[in-house]
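Chemist: Here it is, the structure in full.
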Amino acid sequence: MYKQYLAVSLAGLLLQSTGVLGHQERPKPVLVRRDDGTVLNPDPYPYCDPKKDEFCIANGKYLLPPLPIATPDDIGDTAYKKYLPTHEFTLSKWTNGMMPNSCYYWGVETDKWDVADFEMYNVTFSDCEKSPFVLCYHIKAQKDPKQIATEISRLPISMRQSTSTYMVYSDLKTEHYDGFIAASCPDGLIVGISEAYFITALVHEIGHSIDCTLASPDAPLGLYGSQYSNTSTWQDAVDKDGIAASAYGTGSYVENFAEAGRLVLMDNLYPGGLKAFAEGVSNPNITQLKNQLDAIKKSAASKYFNKGGECDLKIKFPFPTDLVNITNIIEKEGKKEPDATASSEVKGPVSSAAQLVPGPGPTSPVPTPPVPDGAAKPDTKGSGARRLRPFFFLL
């Protein structure tokens, strides 16, 4: 029997007895640190100690030297930006006083941000014009909505369609939130501070979404199910290799899938494939990951970790229709709604095609894209913040 478990992230999430994955106090973000060569001494495998953490895999061992594919503007991030072009998009601000329940649950109820500081947008990308995505944006975030949408637009639609919603927090740490970026499978949601919205981090988080949606062995079309990374096929492949794809990947089979997914995408993008990329950064040991990389390439995930693709409304995670009326909450708490122009004042390198266009009227419903025959039906039962969310992964 394969190793059955739910992932508990390094960033401090705990599986409660009720089955709800909740937050604990979290340590400082580890993204920048995780593949930094300085952590290799004196112990070559210091990241995850299997004697202290039952979820460690491969006895805490990972590919050495580490591949530079983890931090903003490193060689891997730069390669992604070169070979993953941006797509044109439009941003349409919601004006109906509503917020997706998933954003309200994580942003307001769980991480205790002020609901009055969020704006909601539809983001319609040129490679998926019939089905917009949603951006829940904190007006004090360092990057403006156009910068965020530009980074998201780099994600191939084959990967991006495993999500529906992106939540952006302020980069200022609070007593309630000290995280970086994460994925919530039941919501089709990526959530994190604006600093974390760069392509390498997004590819990792989308890897989690693919793991429990498009690559899931039992997920209905467009919805989530159990993770591929929790199958014996994946875990046996990793065990056979005996090492994880990165230091961070030693934390669990789930995290290692997202890390290995990055490499599969690079293999499909980079001239000469992953072998050429690894040789270019003086890593002769990439073949040590052969079994796990082959496992992904032979799985349903293989066609999604690739450049381009088509927006398929039958498998795309559905547009969120389970909404919370935040106008009533803001009025009840006596808070001022955010300035509608505050976020658009920020300057930055964005796609020339990005623009702000009028959103739905004050009392009109959020525009919901048509649902084709056979497509996944969104959750409209209003259970939202009260439903169990068993999968939540932090980078």
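By convention here, the chains of the structure tokens are called A, B, ... in the order presented, each chain's residues are numbered starting at 1, and ligands are numbered starting at 1 in the order presented.
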Step one, run DSSP on the backbone; step two, keep only residues of region 81-330 of chain A assigned to helix (DSSP H, G or I); then write them as a VMD selection string.

Modeler: chain A and resid 81 to 83 101 to 110 115 to 117 145 to 154 157 to 160 185 to 187 194 to 196 199 to 212 228 to 230 232 to 241 248 to 251 253 to 269 273 to 280 286 to 298 300 to 303 326 to 330

Chemist: Could you turn the residues from that selection into a file that holds C-alpha atoms, as a tab-separated table (two decimals), in the first residue's frame?

Modeler:
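The resulting file, result13.tsv, is reproduced below:
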chain	number	residue	atom	x	y	z
A	81	LYS	CA	10.46	34.74	-18.90
A	82	LYS	CA	12.31	34.33	-22.18
A	83	TYR	CA	10.40	31.29	-23.40
A	101	ASN	CA	-16.27	33.31	-1.00
A	102	SER	CA	-12.87	31.65	-1.38
A	103	CYS	CA	-11.14	35.05	-1.21
A	104	TYR	CA	-13.26	36.06	1.76
A	105	TYR	CA	-12.53	32.81	3.59
A	106	TRP	CA	-8.75	32.95	3.19
A	107	GLY	CA	-8.19	36.69	3.04
A	108	VAL	CA	-10.60	37.96	5.67
A	109	GLU	CA	-11.72	35.11	7.92
A	110	THR	CA	-8.45	33.19	8.02
A	115	VAL	CA	-12.20	43.39	3.77
A	116	ALA	CA	-12.49	47.08	2.83
A	117	ASP	CA	-8.97	46.99	1.36
A	145	PRO	CA	-3.08	44.73	-10.79
A	146	LYS	CA	-1.57	45.10	-14.26
A	147	GLN	CA	1.81	43.86	-13.08
A	148	ILE	CA	0.18	40.88	-11.37
A	149	ALA	CA	-1.90	40.02	-14.44
A	150	THR	CA	1.18	40.31	-16.65
A	151	GLU	CA	3.00	37.66	-14.60
A	152	ILE	CA	-0.05	35.38	-14.56
A	153	SER	CA	-0.36	35.79	-18.34
A	154	ARG	CA	3.01	34.05	-18.76
A	157	ILE	CA	-3.16	28.33	-20.60
A	158	SER	CA	-2.70	24.56	-20.45
A	159	MET	CA	-1.51	25.10	-16.86
A	160	ARG	CA	-3.45	28.25	-15.93
A	185	CYS	CA	-7.20	23.12	-4.67
A	186	PRO	CA	-10.93	23.14	-3.78
A	187	ASP	CA	-11.09	26.82	-4.70
A	194	SER	CA	2.45	40.56	-4.48
A	195	GLU	CA	6.21	40.01	-4.21
A	196	ALA	CA	5.56	36.29	-4.72
A	199	ILE	CA	6.81	33.24	-12.89
A	200	THR	CA	8.97	30.64	-11.13
A	201	ALA	CA	6.85	30.75	-7.97
A	202	LEU	CA	3.64	30.66	-10.00
A	203	VAL	CA	4.80	27.59	-11.93
A	204	HIS	CA	5.37	25.78	-8.61
A	205	GLU	CA	1.93	26.69	-7.26
A	206	ILE	CA	0.20	25.82	-10.53
A	207	GLY	CA	1.96	22.47	-10.21
A	208	HIS	CA	-0.04	21.87	-7.02
A	209	SER	CA	-3.26	22.82	-8.81
A	210	ILE	CA	-2.52	20.44	-11.68
A	211	ASP	CA	-1.65	17.70	-9.18
A	212	CYS	CA	-5.17	17.65	-7.73
A	228	TYR	CA	-1.51	12.31	-8.45
A	229	SER	CA	1.45	12.83	-6.10
A	230	ASN	CA	-0.31	10.64	-3.56
A	232	SER	CA	2.05	4.68	-5.67
A	233	THR	CA	3.16	5.42	-9.25
A	234	TRP	CA	4.61	8.79	-8.26
A	235	GLN	CA	5.96	7.82	-4.87
A	236	ASP	CA	7.62	4.64	-6.14
A	237	ALA	CA	9.34	6.65	-8.90
A	238	VAL	CA	10.72	9.13	-6.38
A	239	ASP	CA	11.81	6.34	-4.05
A	240	LYS	CA	13.58	4.60	-6.92
A	241	ASP	CA	15.54	7.78	-7.72
A	248	TYR	CA	12.29	22.17	-0.86
A	249	GLY	CA	11.02	19.02	-2.57
A	250	THR	CA	12.29	16.85	0.29
A	251	GLY	CA	9.42	18.18	2.40
A	253	TYR	CA	5.91	13.86	-2.23
A	254	VAL	CA	3.39	16.65	-2.88
A	255	GLU	CA	5.99	19.42	-2.80
A	256	ASN	CA	8.41	17.35	-4.83
A	257	PHE	CA	5.78	16.94	-7.56
A	258	ALA	CA	5.47	20.72	-7.89
A	259	GLU	CA	9.25	21.04	-7.97
A	260	ALA	CA	9.66	18.28	-10.57
A	261	GLY	CA	6.85	19.84	-12.60
A	262	ARG	CA	9.00	22.93	-12.98
A	263	LEU	CA	11.70	20.78	-14.55
A	264	VAL	CA	9.30	19.05	-16.93
A	265	LEU	CA	8.10	22.47	-18.11
A	266	MET	CA	11.71	23.60	-18.57
A	267	ASP	CA	12.41	20.43	-20.54
A	268	ASN	CA	9.60	21.36	-22.93
A	269	LEU	CA	10.68	25.01	-23.25
A	273	GLY	CA	15.65	20.41	-23.16
A	274	LEU	CA	16.37	20.03	-19.47
A	275	LYS	CA	19.68	18.31	-20.19
A	276	ALA	CA	20.96	21.43	-21.97
A	277	PHE	CA	19.67	23.69	-19.20
A	278	ALA	CA	21.38	21.57	-16.53
A	279	GLU	CA	24.64	21.49	-18.49
A	280	GLY	CA	24.46	25.26	-18.81
A	286	ILE	CA	20.05	15.63	-13.78
A	287	THR	CA	19.70	11.98	-14.86
A	288	GLN	CA	19.40	11.08	-11.17
A	289	LEU	CA	15.79	12.30	-11.42
A	290	LYS	CA	14.98	10.10	-14.41
A	291	ASN	CA	12.23	7.96	-12.85
A	292	GLN	CA	10.20	10.81	-11.40
A	293	LEU	CA	10.50	12.96	-14.53
A	294	ASP	CA	9.48	9.98	-16.67
A	295	ALA	CA	6.54	9.34	-14.34
A	296	ILE	CA	5.18	12.84	-14.95
A	297	LYS	CA	5.75	12.55	-18.69
A	298	LYS	CA	3.78	9.30	-18.75
A	300	ALA	CA	-2.06	12.86	-17.48
A	301	ALA	CA	-0.01	15.83	-16.27
A	302	SER	CA	2.38	15.59	-19.21
A	303	LYS	CA	0.33	17.60	-21.70
A	326	ILE	CA	-18.91	42.70	1.36
A	327	THR	CA	-20.76	46.01	1.04
A	328	ASN	CA	-23.05	44.91	3.88
A	329	ILE	CA	-20.05	43.85	5.95
A	330	ILE	CA	-18.19	47.11	5.33

Chemist: Residues of region 130-289 of chain A in strand (DSSP E) according to DSSP, as number ranges by chain?

Modeler: A: 133-138, 165-169, 181-184, 189-193

Chemist: To one decimal place, how far is CA of Pro320 (chain A) from CA of Ser164 (chain A) in Å?

Modeler: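 Straight-line distance from CA of Pro320 (chain A) to CA of Ser164 (chain A) works out to 7.1 Å.
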
Chemist: Using only C-alpha atoms, determine which residues lie at most 6 Å from Gly225 (chain A), disregarding the query and same-chain residues fewer than 6 positions distant; provide the list as a list in words.

Modeler: Cys212, Ser216, Asp218 and Ala219 of chain A
